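Reproduced below: final.txt, with compact mmCIF, C-alpha atoms.
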```txt
# COMPACT_ATOMS: atom_id res chain seq x y z
CA MET A 42 0.00 0.00 0.00
CA ALA A 43 2.86 2.37 0.83
CA TYR A 44 4.38 1.79 -2.61
CA LEU A 45 1.04 2.60 -4.21
CA ASN A 46 0.91 5.93 -2.36
CA TRP A 47 4.39 6.82 -3.61
CA PHE A 48 3.47 5.74 -7.15
CA VAL A 49 0.32 7.90 -7.14
CA SER A 50 2.37 10.90 -5.98
CA ALA A 51 4.85 10.39 -8.80
CA LEU A 52 2.09 9.82 -11.36
CA LEU A 53 0.17 12.97 -10.40
CA GLY A 54 3.39 14.98 -10.59
CA PHE A 55 4.17 13.49 -14.01
CA VAL A 56 0.72 14.34 -15.37
CA GLY A 57 0.96 17.89 -13.97
CA GLY A 58 4.37 18.39 -15.56
CA TRP A 59 3.14 16.99 -18.87
CA PHE A 60 0.20 19.37 -19.03
CA LEU A 61 2.34 22.31 -17.86
CA VAL A 62 4.21 22.08 -21.17
CA PHE A 63 0.85 21.85 -22.94
CA TYR A 64 -0.23 25.07 -21.19
CA LEU A 65 3.00 26.89 -22.07
CA THR A 66 3.02 26.01 -25.77
CA VAL A 67 -0.58 25.43 -26.84
CA ASP A 68 -2.63 27.53 -29.26
CA PRO A 69 -4.16 30.56 -27.48
CA ILE A 70 -7.73 29.28 -27.81
CA LYS A 71 -6.78 26.22 -25.74
CA ILE A 72 -5.00 28.06 -22.92
CA ALA A 73 -7.89 27.88 -20.43
CA ARG A 74 -8.36 24.14 -20.94
CA ALA A 75 -4.62 23.56 -20.68
CA LEU A 76 -4.43 25.55 -17.45
CA LEU A 77 -7.25 23.46 -15.96
CA LEU A 78 -5.58 20.22 -17.05
CA THR A 79 -2.37 21.40 -15.39
CA ALA A 80 -3.98 22.59 -12.18
CA VAL A 81 -6.12 19.52 -11.47
CA PRO A 82 -3.32 16.91 -11.11
CA LEU A 83 -1.15 19.34 -9.16
CA PHE A 84 -4.01 20.08 -6.77
CA LEU A 85 -4.66 16.34 -6.43
CA LEU A 86 -0.96 15.80 -5.75
CA LEU A 87 -1.09 18.33 -2.92
CA TRP A 88 -4.25 16.77 -1.50
CA TRP A 89 -2.87 13.25 -1.82
CA ALA A 90 0.41 14.10 -0.11
CA VAL A 91 -1.24 15.90 2.81
CA SER A 92 -3.89 13.22 3.32
CA ARG A 93 -1.62 10.18 2.99
CA PHE A 94 1.70 11.24 4.50
CA GLN A 95 2.97 12.92 7.64
CA GLY A 96 6.29 14.32 8.84
CA ALA A 97 9.33 13.18 6.90
CA ALA A 98 7.16 11.00 4.70
CA LEU A 99 5.22 14.11 3.61
CA ALA A 100 8.45 15.80 2.54
CA GLY A 101 9.44 12.64 0.71
CA ALA A 102 6.10 12.48 -1.06
CA ALA A 103 6.50 16.10 -2.13
CA GLY A 104 9.96 15.27 -3.47
CA VAL A 105 8.64 12.28 -5.39
CA GLY A 106 5.86 14.48 -6.83
CA ILE A 107 8.40 17.10 -7.93
CA VAL A 108 10.57 14.46 -9.59
CA GLY A 109 7.49 13.14 -11.38
CA LEU A 110 6.60 16.68 -12.45
CA LEU A 111 10.08 17.24 -13.91
CA LEU A 112 9.96 13.92 -15.73
CA GLY A 113 6.54 14.71 -17.20
CA TYR A 114 7.67 18.21 -18.14
CA ALA A 115 10.84 16.90 -19.80
CA ALA A 116 8.98 14.14 -21.64
CA ASN A 117 6.39 16.48 -23.15
CA THR A 118 9.02 19.12 -23.89
CA SER A 119 10.88 16.51 -25.93
CA LEU A 120 7.67 15.60 -27.75
CA VAL A 121 6.76 19.22 -28.53
CA LEU A 122 10.27 20.03 -29.77
CA ARG A 123 10.28 16.99 -32.07
CA ARG A 124 7.27 18.23 -34.01
CA GLU A 125 8.06 17.99 -37.70
CA ASP A 126 7.47 20.57 -40.40
CA ASP A 127 4.32 19.25 -42.08
CA ARG A 128 3.88 21.95 -44.71
CA ASP A 129 2.56 20.64 -48.01
CA VAL A 130 4.85 20.29 -51.02
CA PRO A 131 3.01 19.56 -54.31
CA GLU A 132 4.01 16.80 -56.71
CA LEU A 133 6.11 17.80 -59.71
CA THR A 134 3.91 16.77 -62.62
CA ARG A 135 5.71 18.43 -65.52
CA ALA A 136 7.05 15.92 -68.03
CA VAL A 137 10.70 15.73 -69.03
CA GLY A 138 11.10 17.39 -72.42
CA ASP A 139 8.29 19.89 -71.84
CA PRO A 140 9.87 23.28 -72.68
CA GLY A 141 7.24 25.19 -70.77
CA ASP A 142 5.32 28.20 -71.96
CA GLY A 143 8.25 30.66 -71.91
CA HIS A 144 7.42 32.60 -68.78
CA THR A 145 9.99 33.39 -66.09
CA GLY A 146 9.00 32.18 -62.65
CA VAL A 147 10.28 34.49 -59.93
CA ILE A 148 10.37 32.69 -56.58
CA TYR A 149 9.90 35.54 -54.13
CA PHE A 150 11.67 33.99 -51.15
CA THR A 151 11.73 35.50 -47.67
CA HIS A 152 11.82 34.49 -44.03
CA GLY A 153 8.13 34.23 -43.26
CA GLU A 154 6.15 34.24 -40.06
CA PRO A 155 2.72 32.72 -39.37
CA GLU A 156 -0.09 35.24 -39.07
CA THR A 157 -1.15 33.71 -35.75
CA TYR A 158 0.88 31.84 -33.17
CA ASP A 159 2.57 28.70 -34.49
CA PRO A 160 5.96 27.71 -33.01
CA ILE A 161 7.16 25.61 -35.97
CA GLY A 162 9.64 28.28 -37.12
CA TRP A 163 11.32 28.35 -33.73
CA LEU A 164 11.22 24.56 -33.43
CA ASN A 165 13.18 24.42 -36.69
CA GLN A 166 15.53 27.11 -35.33
CA PHE A 167 16.14 25.15 -32.11
CA ARG A 168 17.08 22.09 -34.15
CA GLU A 169 19.42 24.14 -36.30
CA PHE A 170 21.18 25.64 -33.28
CA ASP A 171 21.48 22.19 -31.70
CA ASN A 172 22.94 20.66 -34.87
CA GLN A 173 25.52 23.45 -35.06
CA GLY A 174 26.37 23.22 -31.36
CA ILE A 175 25.24 26.79 -30.68
CA ALA A 176 24.06 27.40 -27.12
CA PHE A 177 20.79 29.28 -27.22
CA VAL A 178 17.82 28.51 -24.97
CA PRO A 179 18.38 25.54 -22.60
CA PHE A 180 16.24 22.52 -23.41
CA LEU A 181 13.95 22.73 -20.36
CA ALA A 182 13.47 26.51 -20.80
CA ARG A 183 12.20 26.25 -24.38
CA PRO A 184 8.50 25.90 -23.50
CA PHE A 185 8.77 29.19 -21.58
CA PHE A 186 10.44 30.76 -24.65
CA LEU A 187 7.51 29.61 -26.79
CA LYS A 188 5.10 31.05 -24.23
CA ARG A 189 6.87 34.39 -24.58
CA LEU A 190 6.39 34.16 -28.36
CA ARG A 191 2.70 33.38 -27.84
CA ASP A 192 2.38 36.31 -25.42
CA ALA A 193 3.80 38.63 -28.08
CA TYR A 194 1.19 37.42 -30.58
CA LEU A 195 -1.54 37.99 -27.99
CA LYS A 196 -0.34 41.55 -27.42
CA VAL A 197 -0.17 42.55 -31.09
CA GLY A 198 -3.17 40.51 -32.23
CA SER A 199 -1.53 39.02 -35.31
CA SER A 200 1.60 39.31 -37.40
CA GLN A 201 1.27 41.42 -40.56
CA HIS A 202 4.30 39.70 -42.12
CA ARG A 203 2.50 37.28 -44.42
CA ARG A 204 -0.04 39.77 -45.78
CA ARG A 205 2.59 42.42 -46.40
CA HIS A 206 4.79 40.02 -48.34
CA PHE A 207 1.94 38.81 -50.53
CA ASP A 208 1.19 42.47 -51.35
CA MET A 209 4.87 43.09 -52.00
CA ALA A 210 5.13 40.08 -54.32
CA VAL A 211 2.21 41.39 -56.37
CA ALA A 212 3.84 44.81 -56.53
CA VAL A 213 7.18 43.31 -57.65
CA GLU A 214 5.43 41.47 -60.49
CA LYS A 215 3.73 44.69 -61.61
CA SER A 216 7.05 46.54 -61.45
CA LEU A 217 8.81 43.92 -63.58
CA ILE A 218 6.01 43.95 -66.15
CA ALA A 219 6.12 47.76 -66.24
CA ASP A 220 9.86 47.51 -66.97
CA GLY A 221 9.14 45.33 -70.01
CA TYR A 222 9.46 41.87 -68.48
CA ASN A 223 5.97 40.95 -69.50
CA THR A 224 6.44 37.17 -69.32
CA VAL A 225 7.26 37.20 -65.60
CA ARG A 226 5.13 35.58 -62.88
CA VAL A 227 5.99 35.98 -59.20
CA TYR A 228 5.44 33.17 -56.69
CA PRO A 229 5.66 34.12 -52.98
CA SER A 230 7.40 31.65 -50.65
CA PHE A 231 8.61 31.53 -47.06
CA LEU A 232 11.20 29.72 -45.01
CA ASP A 233 8.87 29.61 -41.97
CA ASP A 234 5.41 29.77 -43.49
CA ASP A 235 3.39 28.43 -46.41
CA PRO A 236 4.28 27.91 -49.17
CA ARG A 237 7.87 26.74 -48.79
CA PRO A 238 10.36 27.82 -51.51
CA ASP A 239 10.50 24.31 -52.97
CA ALA A 240 6.70 24.20 -53.07
CA ALA A 241 6.59 27.55 -54.89
CA LEU A 242 9.26 26.33 -57.32
CA ILE A 243 7.30 23.15 -58.13
CA THR A 244 4.16 25.23 -58.67
CA ALA A 245 6.06 27.48 -61.08
CA LEU A 246 7.44 24.47 -62.98
CA ASN A 247 4.02 22.85 -63.18
CA ASP A 248 2.70 26.18 -64.49
CA GLY A 249 5.22 25.98 -67.36
CA ALA A 250 8.03 28.30 -66.25
CA SER A 251 10.97 28.09 -68.67
CA ARG A 252 13.35 30.00 -66.41
CA ILE A 253 13.51 30.47 -62.62
CA VAL A 254 14.87 33.44 -60.70
CA VAL A 255 14.97 33.30 -56.90
CA ALA A 256 14.45 36.78 -55.46
CA GLU A 257 16.02 36.55 -52.00
CA VAL A 258 14.19 39.18 -49.96
CA PHE A 259 16.72 39.14 -47.14
CA VAL A 260 19.43 41.46 -45.85
CA SER A 261 22.28 38.99 -45.96
CA ILE A 262 23.74 35.73 -47.13
CA SER A 263 23.03 33.58 -44.10
CA ASN A 264 21.88 30.20 -42.88
CA HIS A 265 18.34 31.30 -43.86
CA THR A 266 19.22 31.92 -47.50
CA ALA A 267 21.24 28.70 -47.48
CA GLU A 268 18.27 26.71 -46.17
CA GLY A 269 16.08 28.08 -48.95
CA GLU A 270 18.73 27.41 -51.57
CA ASP A 271 19.06 23.81 -50.36
CA LEU A 272 15.29 23.28 -50.62
CA ILE A 273 15.25 24.73 -54.13
CA ARG A 274 18.28 22.79 -55.37
CA ALA A 275 16.71 19.59 -54.07
CA VAL A 276 14.14 19.94 -56.88
CA ASP A 277 15.66 18.51 -60.06
CA THR A 278 15.24 21.40 -62.47
CA GLU A 279 18.16 20.27 -64.65
CA VAL A 280 16.27 17.23 -65.90
CA LEU A 281 13.62 19.67 -67.17
CA GLY A 282 16.23 21.96 -68.72
CA VAL A 283 15.08 24.92 -66.63
CA PRO A 284 17.89 27.27 -65.50
CA VAL A 285 17.76 28.65 -61.95
CA SER A 286 19.39 31.94 -60.90
CA PHE A 287 19.67 33.50 -57.45
CA ALA A 288 19.34 37.28 -57.30
CA GLY A 289 21.10 37.70 -53.95
CA PRO A 290 20.18 39.62 -50.79
CA LEU A 291 19.62 43.36 -50.61
CA TRP A 292 22.14 44.68 -48.08
CA ASP A 293 24.07 46.77 -50.65
CA SER A 294 21.10 48.09 -52.61
CA THR A 295 21.40 51.88 -52.81
CA THR A 296 17.73 51.98 -53.78
CA LEU A 297 16.82 50.26 -50.52
CA HIS A 298 19.06 52.66 -48.59
CA GLN A 299 17.19 55.57 -50.16
CA MET A 300 13.89 54.06 -49.02
CA PHE A 301 14.91 54.68 -45.41
CA VAL A 302 15.76 58.29 -46.23
CA ASP A 303 12.36 58.78 -47.85
CA LYS A 304 10.58 57.36 -44.80
CA VAL A 305 12.48 59.63 -42.43
CA ASP A 306 11.81 62.64 -44.68
CA SER A 307 8.10 61.84 -44.71
CA GLU A 308 8.00 61.49 -40.92
CA ARG A 309 10.03 64.54 -39.86
CA GLY A 310 7.36 67.02 -40.97
CA SER A 311 8.55 70.60 -40.58
CA LEU A 312 11.45 69.75 -38.26
CA PRO A 313 14.92 70.55 -39.60
CA ARG A 314 16.91 67.43 -40.46
CA GLY A 315 19.47 68.36 -37.83
CA GLU A 316 16.90 67.88 -35.07
CA VAL A 317 15.85 64.36 -36.08
CA ALA A 318 17.64 61.31 -34.69
CA VAL A 319 17.50 57.92 -36.41
CA LEU A 320 18.12 54.56 -34.75
CA LEU A 321 18.67 51.55 -37.02
CA VAL A 322 18.10 48.32 -35.10
CA GLY A 323 19.58 45.16 -36.56
CA HIS A 324 18.49 41.65 -35.65
CA GLY A 325 21.82 40.18 -34.60
CA GLN A 326 23.08 36.60 -34.42
CA PRO A 327 25.10 34.61 -31.87
CA ASP A 328 28.87 35.11 -32.02
CA GLU A 329 29.23 31.36 -32.56
CA TRP A 330 27.14 31.70 -35.69
CA ASP A 331 29.54 34.29 -37.06
CA LEU A 332 32.14 31.54 -37.37
CA GLU A 333 29.99 29.78 -39.97
CA TRP A 334 28.07 32.73 -41.41
CA PRO A 335 30.18 35.90 -40.99
CA THR A 336 28.33 37.44 -43.93
CA GLU A 337 25.15 37.78 -41.87
CA THR A 338 26.65 40.26 -39.40
CA GLU A 339 28.79 41.89 -42.09
CA HIS A 340 25.79 42.48 -44.32
CA GLU A 341 23.56 43.70 -41.50
CA LEU A 342 26.22 46.25 -40.64
CA GLY A 343 26.76 47.05 -44.32
CA LEU A 344 23.06 47.73 -44.86
CA ARG A 345 22.86 50.12 -41.92
CA THR A 346 26.11 51.98 -42.60
CA GLY A 347 24.91 52.44 -46.17
CA ILE A 348 21.65 53.89 -44.84
CA ILE A 349 23.55 56.27 -42.56
CA ASP A 350 25.69 57.45 -45.47
CA ALA A 351 22.53 58.09 -47.48
CA LEU A 352 20.96 60.00 -44.59
CA VAL A 353 24.08 62.15 -44.17
CA ALA A 354 24.10 62.86 -47.90
CA ALA A 355 20.48 64.00 -47.54
CA GLY A 356 21.42 66.50 -44.80
CA TYR A 357 20.95 64.58 -41.55
CA ASP A 358 23.45 64.99 -38.71
CA ARG A 359 25.70 61.94 -38.47
CA ARG A 360 25.96 62.45 -34.69
CA LEU A 361 22.20 61.75 -34.42
CA LEU A 362 22.35 58.55 -36.47
CA ASP A 363 23.07 55.35 -34.60
CA LEU A 364 23.06 51.56 -34.79
CA ALA A 365 21.87 48.99 -32.25
CA TRP A 366 20.91 45.33 -32.05
CA MET A 367 17.74 43.56 -31.01
CA GLU A 368 19.42 40.47 -29.59
CA PHE A 369 22.67 38.51 -29.28
CA LYS A 370 24.93 41.53 -29.82
CA GLU A 371 25.73 44.87 -28.18
CA PRO A 372 24.76 47.66 -27.97
CA LYS A 373 21.06 46.95 -27.50
CA ALA A 374 18.32 49.26 -28.75
CA THR A 375 17.42 50.42 -25.22
CA GLU A 376 20.88 51.83 -24.55
CA ARG A 377 21.20 53.60 -27.88
CA ALA A 378 17.67 55.03 -27.77
CA ARG A 379 18.42 56.49 -24.33
CA GLN A 380 21.64 58.07 -25.63
CA LEU A 381 19.88 59.60 -28.63
CA ALA A 382 17.21 61.01 -26.32
CA SER A 383 19.92 62.88 -24.41
CA SER A 384 21.44 64.30 -27.58
CA GLY A 385 19.00 67.18 -27.93
CA ALA A 386 17.03 65.70 -30.82
CA LYS A 387 13.37 66.67 -30.86
CA LYS A 388 12.27 63.52 -32.67
CA ILE A 389 13.65 59.97 -32.69
CA VAL A 390 12.59 57.60 -35.42
CA TYR A 391 13.66 53.99 -35.30
CA PHE A 392 13.57 51.08 -37.71
CA SER A 393 13.74 47.32 -37.43
CA ALA A 394 16.23 47.74 -40.23
CA GLY A 395 16.82 44.09 -41.03
CA ILE A 396 13.16 43.06 -41.16
CA SER A 397 11.66 42.95 -44.66
CA ALA A 398 7.99 43.23 -43.62
CA GLU A 399 6.20 43.87 -40.34
CA SER A 400 6.61 41.00 -37.91
CA ILE A 401 6.55 40.24 -34.21
CA HIS A 402 10.08 41.67 -34.05
CA SER A 403 9.08 45.03 -35.55
CA GLN A 404 5.59 45.13 -34.05
CA TYR A 405 6.54 44.08 -30.53
CA ASP A 406 10.15 43.13 -29.69
CA VAL A 407 11.99 46.23 -30.91
CA PRO A 408 9.31 48.70 -29.70
CA LYS A 409 9.47 47.03 -26.27
CA LEU A 410 13.26 47.56 -26.14
CA VAL A 411 12.88 51.24 -27.07
CA GLU A 412 10.08 51.67 -24.54
CA LYS A 413 12.45 50.48 -21.81
CA ALA A 414 14.61 53.55 -22.48
CA SER A 415 11.93 55.68 -20.70
CA ILE A 416 12.45 58.61 -23.04
CA ASP A 417 11.13 62.00 -21.96
CA LYS A 418 7.58 62.54 -23.27
CA ARG A 419 8.68 65.84 -24.82
CA VAL A 420 10.76 63.89 -27.35
CA ASP A 421 8.62 62.44 -30.12
CA VAL A 422 9.50 58.75 -30.63
CA VAL A 423 8.21 57.06 -33.78
CA ASN A 424 8.47 53.43 -34.86
CA LEU A 425 8.94 53.27 -38.64
CA GLY A 426 9.03 49.48 -38.52
CA ALA A 427 10.20 47.21 -41.32
CA TRP A 428 10.77 47.81 -45.04
CA ASN A 429 7.23 46.91 -46.16
CA ASN A 430 5.84 47.74 -49.58
CA HIS A 431 7.31 51.20 -50.00
CA PRO A 432 7.80 51.92 -53.74
CA LEU A 433 11.58 51.97 -53.33
CA THR A 434 11.54 48.60 -51.56
CA ILE A 435 9.65 47.14 -54.50
CA GLN A 436 12.06 48.82 -56.93
CA ALA A 437 15.07 47.42 -55.04
CA ILE A 438 13.71 43.86 -55.23
CA ALA A 439 12.81 44.26 -58.92
CA GLU A 440 16.28 45.61 -59.69
CA ARG A 441 17.88 42.54 -58.14
CA VAL A 442 15.69 40.25 -60.25
CA GLU A 443 16.42 42.21 -63.42
CA SER A 444 20.17 42.04 -62.71
CA VAL A 445 20.16 38.26 -63.36
CA LEU A 446 17.66 38.20 -66.23
CA PRO A 447 19.06 38.06 -69.77
CA SER A 448 18.10 40.95 -72.01
CA SER A 449 16.21 38.54 -74.28
CA VAL A 450 13.56 38.11 -71.59
CA ARG A 451 12.62 41.76 -71.75
CA ALA A 452 9.54 42.53 -73.80
CA SER A 453 9.57 39.00 -75.21
CA ALA A 454 6.94 36.33 -75.54
CA GLY A 455 7.08 32.59 -75.89
CA VAL A 456 10.16 30.48 -75.15
CA ASN A 457 13.31 32.59 -74.76
CA SER A 458 15.71 32.33 -77.66
CA ASP A 459 18.79 31.87 -75.48
CA GLU A 460 17.52 28.74 -73.70
```

What do you get writing this file as structure tokens?
Amino acid sequence: MAYLNWFVSALLGFVGGWFLVFYLTVDPIKIARALLLTAVPLFLLLWWAVSRFQGAALAGAAGVGIVGLLLGYAANTSLVLRREDDRDVPELTRAVGDPGDGHTGVIYFTHGEPETYDPIGWLNQFREFDNQGIAFVPFLARPFFLKRLRDAYLKVGSSQHRRRHFDMAVAVEKSLIADGYNTVRVYPSFLDDDPRPDAALITALNDGASRIVVAEVFVSISNHTAEGEDLIRAVDTEVLGVPVSFAGPLWDSTTLHQMFVDKVDSERGSLPRGEVAVLLVGHGQPDEWDLEWPTETEHELGLRTGIIDALVAAGYDRRLLDLAWMEFKEPKATERARQLASSGAKKIVYFSAGISAESIHSQYDVPKLVEKASIDKRVDVVNLGAWNNHPLTIQAIAERVESVLPSSVRASAGVNSDE
């Protein structure tokens, strides 16, 4: 009988720990049910221990319950983190020897973020860090990390990332057609959302694309662009005779740099440029990651120094232009925002400079860091967010695509003569 009492204590702890992970990571509409499922076994554990044990035995029962809780928590954490990416990839149905209809399929490829809470992107990221031996969030802390992600979604309502990128992809297609590339069709794709880049590529091939250009709507060459390239190269386009070109990221696009200047100009109103401060917040990556992908940090810095040069050329005071990071690197946005606030500027505008379209980072994480600076209310602080579908952003992406397209594609119809 005594062994049964100990077993029940351990079992109740295990069940409570299991459902605690469920509560921390579940979809928001299931939070209340998950909380109840967590609370009931833990309450029963407390009742069981108090009613069945006394003195030292009570302390022992509590210890057994805690061990059971940790085991249940660890078991369900392992299960949650092993969730596979189940996004759909269509079947390639195009026959070998089919030349296609002559159009150029532009795979608009970017990071992606689900509109509502879904941790799959971070689950993939955890696995990537683990495979590369990069210390990030300890295993047992990851459910709490996912809860923080869910909390951010609950605060902002939803991420605008997906909708903005679909709008941007449409705008890029219109821009290319306006420039004479009238046989171009743009297919949006995402690393961490639907459709995946390989799925978009297969759709383009099944639609009859005779040439593929991958428009990498990223700041830098990084593990993210490499992941997308691997997915795309895994599709055998050579057997179909369809060439694939990669347009490259946008860190050194002077057109994109000018977009930031235009946004600041539009926001400053009647203030002289010398009274406006600009903070460019980069994402940042772990130092360990720099060993494998130094281009990511180099290009993030290159983008922002290029923007500062463009702002100075437009008449802004270099002393009021600064760089910061969101995570992993120093200085953080809070510190730099506080310093700019003490500089005498009457307005501070800040960007999530490395984010291509509004996301949880630009809607919540970076604004929260700036808010922590506790800037005097007399200084106007404005979040200008991510790149989004500003005309110069669209032009910058279109220019990259055009840079890898042969001249024969322009204003042509049917199968290209140089294929």

Atomic separation - CA of His431 (chain A) relative to CA of Asp208 (chain A), Å: 10.7 Å

Nearest residue to Gly146 (chain A) from the set A:Pro284, A:Gly101, A:Pro160, A:Gly96 (distances using all atoms listed in the file):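 Among the listed residues, A:Pro284 lies closest to Gly146 (chain A).
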
Atomic distance CA of Gly249 (chain A) - CA of Asp142 (chain A), expressed in Å with one decimal: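 Computing it gives 5.1 Å between the two atoms.
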
Can you list every residue of region 423-456 of chain A that has an atom at most 12 Å from region 308-323 of chain A, with its nearest atom pair and the distance in Å to one decimal, using only C-alpha atoms, ordered by chain then number, as JSON lines?
```
{"residue": "A:Val423", "atom": "CA", "partner": "A:Glu308", "partner_atom": "CA", "distance": 8.4}
{"residue": "A:Asn424", "atom": "CA", "partner": "A:Leu320", "partner_atom": "CA", "distance": 9.7}
{"residue": "A:Leu425", "atom": "CA", "partner": "A:Glu308", "partner_atom": "CA", "distance": 8.6}
{"residue": "A:Gly426", "atom": "CA", "partner": "A:Val322", "partner_atom": "CA", "distance": 9.8}
{"residue": "A:Ala427", "atom": "CA", "partner": "A:Val322", "partner_atom": "CA", "distance": 10.1}
{"residue": "A:Trp428", "atom": "CA", "partner": "A:Leu321", "partner_atom": "CA", "distance": 11.9}
```

Atom pair CA of Ser286 (chain A) / CA of Val147 (chain A): separation (Å): 9.5 Å

Which residue of A:Val422, A:Ser216, A:Val442, A:Ala394 approaches Leu381 (chain A) most closely, using all atoms listed in the file: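 Ranking A:Val422, A:Ser216, A:Val442, A:Ala394 by distance to Leu381 (chain A), first place goes to A:Val422.
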
Expected answer as a PyMOL selection string: all residues with atoms within 12 Å of (11.0, 28.6, -51.6), all atoms listed in the file: chain A and resi 128+130+146-153+227-245+253-258+265-276+287

Do you know which residues are at most 12 Å from Gly221 (chain A) counting all atoms listed in the file, after dropping those on the same chain fewer than 3 positions away, and could you put them as a compact mmCIF listing (two decimals) with C-alpha atoms, in the coordinates of the input?
```txt
# COMPACT_ATOMS: atom_id res chain seq x y z
CA GLU A 214 5.43 41.47 -60.49
CA LYS A 215 3.73 44.69 -61.61
CA SER A 216 7.05 46.54 -61.45
CA LEU A 217 8.81 43.92 -63.58
CA ILE A 218 6.01 43.95 -66.15
CA THR A 224 6.44 37.17 -69.32
CA VAL A 225 7.26 37.20 -65.60
CA ALA A 439 12.81 44.26 -58.92
CA GLU A 443 16.42 42.21 -63.42
CA LEU A 446 17.66 38.20 -66.23
CA SER A 448 18.10 40.95 -72.01
CA SER A 449 16.21 38.54 -74.28
CA VAL A 450 13.56 38.11 -71.59
CA ARG A 451 12.62 41.76 -71.75
CA ALA A 452 9.54 42.53 -73.80
CA SER A 453 9.57 39.00 -75.21
CA ALA A 454 6.94 36.33 -75.54
```

Contacts of Leu410 (chain A) within 9 Å, all atoms listed in the file, excl. fewer than 5 positions in-chain, as a VMD selection string: chain A and resid 367 373 to 376 378 405

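For the set A:Trp88, A:Phe94, A:Phe207, A:Phe63, the residue with the smallest atom-to-atom gap to Asn46 (chain A) is A:Phe94, counting only C-alpha atoms.
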
Selected residue of minimal separation from His144 (chain A) among A:Lys71, A:Arg183, A:Arg252, A:Arg124, counting all atoms listed in the file: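 Under the stated criterion, the closest residue is A:Arg252.
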
Using only C-alpha atoms: which of A:Ser403, A:Ala210, A:Ile416, A:Ala437 has the shortest distance to Trp292 (chain A):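 Ranking A:Ser403, A:Ala210, A:Ile416, A:Ala437 by distance to Trp292 (chain A), first place goes to A:Ala437.
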